[in-house]
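Heads up, data_37.cif below (mmCIF, C-alpha atoms):
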data_model
loop_
_atom_site.group_PDB
_atom_site.id
_atom_site.type_symbol
_atom_site.label_atom_id
_atom_site.label_comp_id
_atom_site.auth_asym_id
_atom_site.auth_seq_id
_atom_site.Cartn_x
_atom_site.Cartn_y
_atom_site.Cartn_z
ATOM 1 C CA MET D 5 -71.368 -33.090 68.982
ATOM 2 C CA GLY D 6 -71.335 -29.447 67.977
ATOM 3 C CA GLU D 7 -68.396 -27.615 66.495
ATOM 4 C CA PRO D 8 -65.843 -26.552 69.164
ATOM 5 C CA SER D 9 -65.852 -22.890 70.143
ATOM 6 C CA TRP D 10 -62.179 -22.298 69.279
ATOM 7 C CA LEU D 11 -62.822 -23.416 65.704
ATOM 8 C CA ARG D 12 -65.932 -21.261 65.289
ATOM 9 C CA GLU D 13 -64.130 -18.247 66.746
ATOM 10 C CA THR D 14 -61.042 -18.679 64.576
ATOM 11 C CA ARG D 15 -63.071 -19.089 61.398
ATOM 12 C CA ALA D 16 -65.262 -16.091 62.211
ATOM 13 C CA ALA D 17 -62.245 -13.917 63.027
ATOM 14 C CA TYR D 18 -60.432 -14.682 59.796
ATOM 15 C CA ASP D 19 -63.589 -14.335 57.731
ATOM 16 C CA THR D 20 -63.944 -10.872 59.275
ATOM 17 C CA VAL D 21 -60.373 -9.688 58.695
ATOM 18 C CA ALA D 22 -59.586 -11.457 55.402
ATOM 19 C CA VAL D 23 -59.564 -8.464 53.062
ATOM 20 C CA ASP D 24 -57.678 -6.186 55.440
ATOM 21 C CA TYR D 25 -55.277 -8.977 56.407
ATOM 22 C CA ALA D 26 -54.248 -9.237 52.768
ATOM 23 C CA ARG D 27 -53.979 -5.467 52.473
ATOM 24 C CA LEU D 28 -51.940 -4.988 55.667
ATOM 25 C CA ILE D 29 -49.813 -8.149 55.751
ATOM 26 C CA ASP D 30 -49.422 -9.866 52.395
ATOM 27 C CA HIS D 31 -48.037 -6.987 50.368
ATOM 28 C CA VAL D 32 -45.758 -5.847 53.203
ATOM 29 C CA GLU D 33 -44.456 -9.139 54.551
ATOM 30 C CA GLY D 34 -44.462 -11.347 51.467
ATOM 31 C CA ALA D 35 -42.757 -14.618 52.365
ATOM 32 C CA GLY D 36 -41.065 -13.044 55.387
ATOM 33 C CA GLY D 37 -37.483 -12.053 56.100
ATOM 34 C CA PRO D 38 -34.309 -13.744 54.858
ATOM 35 C CA LEU D 39 -34.315 -16.534 57.447
ATOM 36 C CA ASP D 40 -37.978 -17.336 56.793
ATOM 37 C CA ARG D 41 -37.343 -17.457 53.049
ATOM 38 C CA ALA D 42 -34.259 -19.607 53.623
ATOM 39 C CA MET D 43 -36.348 -22.192 55.502
ATOM 40 C CA LEU D 44 -38.924 -22.203 52.715
ATOM 41 C CA ALA D 45 -36.195 -22.572 50.088
ATOM 42 C CA ALA D 46 -34.544 -25.430 52.003
ATOM 43 C CA TYR D 47 -37.921 -27.101 52.357
ATOM 44 C CA ALA D 48 -38.695 -26.755 48.652
ATOM 45 C CA GLU D 49 -35.307 -28.261 47.793
ATOM 46 C CA ALA D 50 -35.895 -31.157 50.206
ATOM 47 C CA VAL D 51 -39.267 -31.984 48.608
ATOM 48 C CA GLY D 52 -38.239 -31.311 45.016
ATOM 49 C CA ASP D 53 -40.426 -33.144 42.519
ATOM 50 C CA ALA D 54 -41.324 -35.988 44.903
ATOM 51 C CA GLY D 55 -45.033 -35.221 44.680
ATOM 52 C CA PRO D 56 -47.838 -32.945 45.858
ATOM 53 C CA VAL D 57 -47.563 -30.568 48.812
ATOM 54 C CA VAL D 58 -50.377 -28.985 50.829
ATOM 55 C CA GLU D 59 -50.155 -25.868 52.962
ATOM 56 C CA VAL D 60 -52.580 -26.345 55.839
ATOM 57 C CA GLY D 61 -53.895 -22.999 57.062
ATOM 58 C CA CYS D 62 -52.938 -21.241 53.842
ATOM 59 C CA GLY D 63 -54.843 -18.052 54.644
ATOM 60 C CA THR D 64 -54.718 -15.590 51.764
ATOM 61 C CA GLY D 65 -52.300 -17.780 49.839
ATOM 62 C CA ARG D 66 -49.009 -15.864 50.000
ATOM 63 C CA ILE D 67 -46.890 -18.793 51.256
ATOM 64 C CA THR D 68 -48.653 -21.289 48.982
ATOM 65 C CA ALA D 69 -47.912 -19.009 46.024
ATOM 66 C CA HIS D 70 -44.292 -18.603 47.133
ATOM 67 C CA LEU D 71 -43.851 -22.378 47.335
ATOM 68 C CA ARG D 72 -45.400 -22.691 43.878
ATOM 69 C CA ASP D 73 -42.888 -20.151 42.589
ATOM 70 C CA LEU D 74 -40.125 -22.275 44.153
ATOM 71 C CA GLY D 75 -41.239 -25.121 41.894
ATOM 72 C CA LEU D 76 -43.466 -27.225 44.140
ATOM 73 C CA ASP D 77 -46.739 -28.861 43.114
ATOM 74 C CA VAL D 78 -48.632 -27.174 45.937
ATOM 75 C CA ALA D 79 -52.220 -26.489 47.001
ATOM 76 C CA GLY D 80 -53.698 -24.801 50.072
ATOM 77 C CA ILE D 81 -56.383 -25.597 52.630
ATOM 78 C CA ASP D 82 -57.799 -23.079 55.089
ATOM 79 C CA LEU D 83 -60.549 -23.058 57.694
ATOM 80 C CA SER D 84 -61.851 -19.637 56.620
ATOM 81 C CA PRO D 85 -63.970 -19.335 53.459
ATOM 82 C CA GLY D 86 -63.238 -15.606 53.521
ATOM 83 C CA MET D 87 -59.480 -16.148 53.400
ATOM 84 C CA VAL D 88 -59.831 -18.747 50.652
ATOM 85 C CA ALA D 89 -61.898 -16.305 48.572
ATOM 86 C CA VAL D 90 -59.199 -13.640 48.942
ATOM 87 C CA ALA D 91 -56.508 -16.172 47.986
ATOM 88 C CA ARG D 92 -58.371 -17.101 44.801
ATOM 89 C CA ASP D 93 -58.679 -13.436 43.829
ATOM 90 C CA ALA D 94 -55.089 -12.563 44.706
ATOM 91 C CA TRP D 95 -53.386 -15.563 43.105
ATOM 92 C CA PRO D 96 -55.223 -16.669 39.931
ATOM 93 C CA GLY D 97 -54.751 -20.362 39.285
ATOM 94 C CA LEU D 98 -53.665 -21.153 42.822
ATOM 95 C CA ARG D 99 -55.423 -24.285 44.099
ATOM 96 C CA VAL D 100 -57.032 -23.521 47.464
ATOM 97 C CA ALA D 101 -59.982 -25.049 49.289
ATOM 98 C CA VAL D 102 -61.812 -24.857 52.610
ATOM 99 C CA GLY D 103 -60.922 -27.502 55.204
ATOM 100 C CA SER D 104 -59.719 -28.124 58.749
ATOM 101 C CA MET D 105 -56.350 -29.494 59.851
ATOM 102 C CA THR D 106 -58.088 -31.553 62.524
ATOM 103 C CA ASP D 107 -59.778 -33.640 59.800
ATOM 104 C CA LEU D 108 -57.906 -33.268 56.545
ATOM 105 C CA PRO D 109 -59.867 -34.235 53.402
ATOM 106 C CA LEU D 110 -56.835 -36.127 52.103
ATOM 107 C CA PRO D 111 -56.015 -39.825 51.592
ATOM 108 C CA ASP D 112 -53.468 -41.730 53.641
ATOM 109 C CA GLY D 113 -49.889 -41.300 52.445
ATOM 110 C CA GLY D 114 -50.756 -39.132 49.465
ATOM 111 C CA LEU D 115 -48.472 -36.135 50.052
ATOM 112 C CA ALA D 116 -44.769 -35.532 49.545
ATOM 113 C CA GLY D 117 -44.970 -32.478 51.790
ATOM 114 C CA LEU D 118 -47.117 -30.564 54.250
ATOM 115 C CA VAL D 119 -46.584 -27.007 55.497
ATOM 116 C CA ALA D 120 -48.304 -25.389 58.482
ATOM 117 C CA TRP D 121 -47.083 -21.781 58.466
ATOM 118 C CA TYR D 122 -48.353 -20.053 61.620
ATOM 119 C CA SER D 123 -51.573 -22.067 61.605
ATOM 120 C CA ILE D 124 -51.071 -24.430 64.570
ATOM 121 C CA ILE D 125 -50.986 -21.356 66.857
ATOM 122 C CA HIS D 126 -54.787 -21.187 66.886
ATOM 123 C CA LEU D 127 -55.386 -24.713 68.186
ATOM 124 C CA PRO D 128 -55.695 -25.512 71.889
ATOM 125 C CA PRO D 129 -52.279 -27.051 72.674
ATOM 126 C CA GLU D 130 -53.833 -30.278 73.946
ATOM 127 C CA LEU D 131 -55.076 -30.966 70.403
ATOM 128 C CA LEU D 132 -51.654 -30.734 68.775
ATOM 129 C CA PRO D 133 -50.600 -34.393 69.227
ATOM 130 C CA GLY D 134 -53.726 -35.490 67.351
ATOM 131 C CA VAL D 135 -53.113 -32.940 64.604
ATOM 132 C CA PHE D 136 -49.508 -34.081 64.222
ATOM 133 C CA ALA D 137 -50.773 -37.661 63.918
ATOM 134 C CA GLU D 138 -53.097 -36.428 61.150
ATOM 135 C CA PHE D 139 -50.140 -34.773 59.393
ATOM 136 C CA HIS D 140 -48.241 -38.064 59.654
ATOM 137 C CA ARG D 141 -51.222 -39.940 58.201
ATOM 138 C CA VAL D 142 -51.421 -37.898 55.003
ATOM 139 C CA LEU D 143 -47.658 -37.821 54.316
ATOM 140 C CA ALA D 144 -45.994 -40.586 52.335
ATOM 141 C CA PRO D 145 -42.865 -42.238 53.732
ATOM 142 C CA GLY D 146 -40.057 -39.748 53.198
ATOM 143 C CA GLY D 147 -42.574 -36.885 53.180
ATOM 144 C CA GLU D 148 -41.421 -33.537 54.541
ATOM 145 C CA LEU D 149 -43.174 -31.390 57.155
ATOM 146 C CA LEU D 150 -42.494 -27.696 57.837
ATOM 147 C CA LEU D 151 -43.958 -25.830 60.800
ATOM 148 C CA ALA D 152 -43.681 -22.129 61.632
ATOM 149 C CA PHE D 153 -45.033 -20.783 64.919
ATOM 150 C CA LYS D 154 -44.566 -18.217 67.674
ATOM 151 C CA ALA D 155 -41.981 -19.436 70.203
ATOM 152 C CA GLY D 156 -42.982 -19.160 73.854
ATOM 153 C CA ASP D 157 -45.422 -20.606 76.351
ATOM 154 C CA ARG D 158 -48.496 -18.430 76.696
ATOM 155 C CA ARG D 159 -51.985 -17.799 75.355
ATOM 156 C CA ILE D 160 -53.119 -14.390 74.111
ATOM 157 C CA ARG D 161 -56.769 -13.539 73.613
ATOM 158 C CA LEU D 162 -57.169 -11.134 70.701
ATOM 159 C CA GLU D 163 -60.162 -8.825 70.778
ATOM 160 C CA GLN D 164 -59.046 -6.607 67.904
ATOM 161 C CA ALA D 165 -57.002 -7.365 64.803
ATOM 162 C CA TYR D 166 -56.351 -5.733 61.427
ATOM 163 C CA GLY D 167 -58.801 -2.946 62.215
ATOM 164 C CA HIS D 168 -61.678 -5.211 63.282
ATOM 165 C CA VAL D 169 -63.299 -6.390 66.498
ATOM 166 C CA VAL D 170 -62.649 -10.129 66.835
ATOM 167 C CA SER D 171 -62.373 -12.767 69.562
ATOM 168 C CA TYR D 172 -59.930 -15.662 69.213
ATOM 169 C CA ASP D 173 -56.811 -17.165 70.767
ATOM 170 C CA VAL D 174 -53.162 -17.175 69.710
ATOM 171 C CA HIS D 175 -50.887 -19.722 71.399
ATOM 172 C CA TRP D 176 -47.131 -19.244 71.739
ATOM 173 C CA LEU D 177 -45.554 -22.697 71.775
ATOM 174 C CA PRO D 178 -42.246 -24.049 73.191
ATOM 175 C CA PRO D 179 -40.114 -25.412 70.314
ATOM 176 C CA GLU D 180 -38.741 -28.260 72.452
ATOM 177 C CA ARG D 181 -42.255 -29.450 73.302
ATOM 178 C CA ILE D 182 -43.398 -29.262 69.676
ATOM 179 C CA ALA D 183 -40.319 -31.194 68.520
ATOM 180 C CA ALA D 184 -41.009 -33.883 71.133
ATOM 181 C CA GLN D 185 -44.648 -34.140 70.040
ATOM 182 C CA LEU D 186 -43.573 -34.508 66.427
ATOM 183 C CA ALA D 187 -41.225 -37.320 67.441
ATOM 184 C CA ASP D 188 -44.065 -38.993 69.320
ATOM 185 C CA ALA D 189 -46.190 -38.745 66.159
ATOM 186 C CA GLY D 190 -43.513 -40.593 64.187
ATOM 187 C CA PHE D 191 -41.518 -37.742 62.643
ATOM 188 C CA THR D 192 -37.760 -37.315 62.573
ATOM 189 C CA VAL D 193 -37.043 -33.622 63.238
ATOM 190 C CA HIS D 194 -33.991 -32.704 61.175
ATOM 191 C CA ALA D 195 -33.890 -28.894 61.240
ATOM 192 C CA ARG D 196 -34.719 -26.260 63.849
ATOM 193 C CA LEU D 197 -34.500 -22.480 63.761
ATOM 194 C CA VAL D 198 -35.515 -19.946 66.394
ATOM 195 C CA ARG D 199 -34.974 -16.334 65.423
ATOM 196 C CA GLU D 200 -35.430 -13.068 67.245
ATOM 197 C CA PRO D 201 -38.478 -10.873 66.506
ATOM 198 C CA GLU D 202 -38.489 -8.573 63.507
ATOM 199 C CA GLY D 203 -40.704 -5.603 62.700
ATOM 200 C CA TYR D 204 -44.091 -5.830 64.418
ATOM 201 C CA GLU D 205 -43.409 -9.270 65.969
ATOM 202 C CA LYS D 206 -43.718 -9.494 69.758
ATOM 203 C CA GLY D 207 -41.335 -12.372 70.411
ATOM 204 C CA PRO D 208 -39.153 -15.128 68.946
ATOM 205 C CA GLN D 209 -40.319 -17.180 65.965
ATOM 206 C CA ALA D 210 -39.702 -20.916 65.509
ATOM 207 C CA PHE D 211 -39.383 -23.176 62.467
ATOM 208 C CA LEU D 212 -39.157 -26.984 62.507
ATOM 209 C CA MET D 213 -38.631 -29.389 59.623
ATOM 210 C CA GLY D 214 -39.497 -33.038 60.089
ATOM 211 C CA ARG D 215 -39.650 -36.123 57.919
ATOM 212 C CA ARG D 216 -41.884 -39.174 57.997
ATOM 213 C CA PRO D 217 -39.357 -42.062 57.937
#
What is this structure when it is put down as structure tokens?
Amino acid sequence: MGEPSWLRETRAAYDTVAVDYARLIDHVEGAGGPLDRAMLAAYAEAVGDAGPVVEVGCGTGRITAHLRDLGLDVAGIDLSPGMVAVARDAWPGLRVAVGSMTDLPLPDGGLAGLVAWYSIIHLPPELLPGVFAEFHRVLAPGGELLLAFKAGDRRIRLEQAYGHVVSYDVHWLPPERIAAQLADAGFTVHARLVREPEGYEKGPQAFLMGRRP
């Protein structure tokens, strides 16, 4: 079977915008506002020195680098070779590689933590249960999961982003549904945060922390 259209479109879009994404977002937003940083700090404390962490959908590396600065043994994986190239230039020494969250190039039970920071929003929602099962597969017992995503229940087709013509989807996801799907995949959800929009954001933002028992 050929590669699905959503994956081709998402990769092509982020390859196109990678340099300007870093210019317009990374140096302005950093690791986000105080609540975002608090979730990342709580996550880093929960994982501690238990083992390696991977950020899936690491983009230009800003969250991976932030987690590294919080003391985690962290690497990044992203679908877009263009974003990975920018990450390597922006954060020397940061370990990043090309890969897809639908088929992670990782062994069973090898991670102490996995972060998906605004990366599940590009998948068709019907694929999420399988992706969460994949996250469960690569986490060791006791491993910690952190998700960040746009809270809602709609699909937006973007035809322009970061000064470029593109064509890809962004899905706003109901936190209750995502928490239920994580439970179905075998996770215990132990922290939830939904905050109001800040700055350029168009709606509420959600954060979930789960653990593989």
**Prompt:** Can you tell me, as a ChimeraX atom specification, what residues are no more than 9 Å from Ala137 (chain D) when counting all atoms listed in the file, ignoring any on the same chain fewer than 3 positions away?
**Reply:** /D:132-134,140-142,186,188-190
Protein/DNA/RNA residues near (-55.4, -12.4, 48.5), cut 7 Å, all atoms listed in the file, as a CSV table (one decimal) with C-alpha atoms, in the frame of the given file:
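After the write, out_36.csv holds the following:
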chain,number,residue,atom,x,y,z
D,26,ALA,CA,-54.2,-9.2,52.8
D,64,THR,CA,-54.7,-15.6,51.8
D,65,GLY,CA,-52.3,-17.8,49.8
D,90,VAL,CA,-59.2,-13.6,48.9
D,91,ALA,CA,-56.5,-16.2,48.0
D,92,ARG,CA,-58.4,-17.1,44.8
D,93,ASP,CA,-58.7,-13.4,43.8
D,94,ALA,CA,-55.1,-12.6,44.7
D,95,TRP,CA,-53.4,-15.6,43.1
**Prompt:** If you measure from CA of Leu212 (chain D) to CA of Glu180 (chain D), what distance in Å do you get, rounded to one decimal?
**Reply:** 10.0 Å
Written as a PDB file with C-alpha atoms, keeping the file's coordinate frame, which residues does the PyMOL selection byres ((chain D and resi 192-209) around 12) give for the file shown?
ATOM      1  CA  LEU D  28     -51.940  -4.988  55.667  1.00  0.00           C
ATOM      2  CA  ILE D  29     -49.813  -8.149  55.751  1.00  0.00           C
ATOM      3  CA  VAL D  32     -45.758  -5.847  53.203  1.00  0.00           C
ATOM      4  CA  GLU D  33     -44.456  -9.139  54.551  1.00  0.00           C
ATOM      5  CA  GLY D  36     -41.065 -13.044  55.387  1.00  0.00           C
ATOM      6  CA  GLY D  37     -37.483 -12.053  56.100  1.00  0.00           C
ATOM      7  CA  PRO D  38     -34.309 -13.744  54.858  1.00  0.00           C
ATOM      8  CA  LEU D  39     -34.315 -16.534  57.447  1.00  0.00           C
ATOM      9  CA  ASP D  40     -37.978 -17.336  56.793  1.00  0.00           C
ATOM     10  CA  ALA D  42     -34.259 -19.607  53.623  1.00  0.00           C
ATOM     11  CA  MET D  43     -36.348 -22.192  55.502  1.00  0.00           C
ATOM     12  CA  LEU D  44     -38.924 -22.203  52.715  1.00  0.00           C
ATOM     13  CA  ALA D  46     -34.544 -25.430  52.003  1.00  0.00           C
ATOM     14  CA  TYR D  47     -37.921 -27.101  52.357  1.00  0.00           C
ATOM     15  CA  ALA D  50     -35.895 -31.157  50.206  1.00  0.00           C
ATOM     16  CA  TRP D 121     -47.083 -21.781  58.466  1.00  0.00           C
ATOM     17  CA  TYR D 122     -48.353 -20.053  61.620  1.00  0.00           C
ATOM     18  CA  ILE D 125     -50.986 -21.356  66.857  1.00  0.00           C
ATOM     19  CA  HIS D 140     -48.241 -38.064  59.654  1.00  0.00           C
ATOM     20  CA  PRO D 145     -42.865 -42.238  53.732  1.00  0.00           C
ATOM     21  CA  GLY D 146     -40.057 -39.748  53.198  1.00  0.00           C
ATOM     22  CA  GLY D 147     -42.574 -36.885  53.180  1.00  0.00           C
ATOM     23  CA  GLU D 148     -41.421 -33.537  54.541  1.00  0.00           C
ATOM     24  CA  LEU D 149     -43.174 -31.390  57.155  1.00  0.00           C
ATOM     25  CA  LEU D 150     -42.494 -27.696  57.837  1.00  0.00           C
ATOM     26  CA  LEU D 151     -43.958 -25.830  60.800  1.00  0.00           C
ATOM     27  CA  ALA D 152     -43.681 -22.129  61.632  1.00  0.00           C
ATOM     28  CA  PHE D 153     -45.033 -20.783  64.919  1.00  0.00           C
ATOM     29  CA  LYS D 154     -44.566 -18.217  67.674  1.00  0.00           C
ATOM     30  CA  ALA D 155     -41.981 -19.436  70.203  1.00  0.00           C
ATOM     31  CA  GLY D 156     -42.982 -19.160  73.854  1.00  0.00           C
ATOM     32  CA  ASP D 157     -45.422 -20.606  76.351  1.00  0.00           C
ATOM     33  CA  ARG D 158     -48.496 -18.430  76.696  1.00  0.00           C
ATOM     34  CA  ILE D 160     -53.119 -14.390  74.111  1.00  0.00           C
ATOM     35  CA  TRP D 176     -47.131 -19.244  71.739  1.00  0.00           C
ATOM     36  CA  LEU D 177     -45.554 -22.697  71.775  1.00  0.00           C
ATOM     37  CA  PRO D 178     -42.246 -24.049  73.191  1.00  0.00           C
ATOM     38  CA  PRO D 179     -40.114 -25.412  70.314  1.00  0.00           C
ATOM     39  CA  GLU D 180     -38.741 -28.260  72.452  1.00  0.00           C
ATOM     40  CA  ILE D 182     -43.398 -29.262  69.676  1.00  0.00           C
ATOM     41  CA  ALA D 183     -40.319 -31.194  68.520  1.00  0.00           C
ATOM     42  CA  ALA D 184     -41.009 -33.883  71.133  1.00  0.00           C
ATOM     43  CA  GLN D 185     -44.648 -34.140  70.040  1.00  0.00           C
ATOM     44  CA  LEU D 186     -43.573 -34.508  66.427  1.00  0.00           C
ATOM     45  CA  ALA D 187     -41.225 -37.320  67.441  1.00  0.00           C
ATOM     46  CA  ASP D 188     -44.065 -38.993  69.320  1.00  0.00           C
ATOM     47  CA  ALA D 189     -46.190 -38.745  66.159  1.00  0.00           C
ATOM     48  CA  GLY D 190     -43.513 -40.593  64.187  1.00  0.00           C
ATOM     49  CA  PHE D 191     -41.518 -37.742  62.643  1.00  0.00           C
ATOM     50  CA  ALA D 210     -39.702 -20.916  65.509  1.00  0.00           C
ATOM     51  CA  PHE D 211     -39.383 -23.176  62.467  1.00  0.00           C
ATOM     52  CA  LEU D 212     -39.157 -26.984  62.507  1.00  0.00           C
ATOM     53  CA  MET D 213     -38.631 -29.389  59.623  1.00  0.00           C
ATOM     54  CA  GLY D 214     -39.497 -33.038  60.089  1.00  0.00           C
ATOM     55  CA  ARG D 215     -39.650 -36.123  57.919  1.00  0.00           C
ATOM     56  CA  ARG D 216     -41.884 -39.174  57.997  1.00  0.00           C
ATOM     57  CA  PRO D 217     -39.357 -42.062  57.937  1.00  0.00           C
TER      58      PRO D 217
END
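Interatomic distance, CA of Gly55 (chain D) to CA of Met87 (chain D): 25.5 Å.
Take the candidates D:Phe139, D:Thr20, D:Gly52, D:Pro8 and check each one against Ser84 (chain D) using all atoms listed in the file; the shortest distance goes to D:Thr20.
Among the candidate residues D:Leu83, D:Ala48, D:Leu131, D:Val174, the one lying nearest to Ala16 (chain D) is D:Leu83, with distances computed using only C-alpha atoms.
For the file at hand, the PyMOL selection byres ((chain D and resi 79) around 7) resolves to Val57, Val58, Glu59, Thr68, Val78, Gly80, Leu98, Arg99 and Val100 of chain D.
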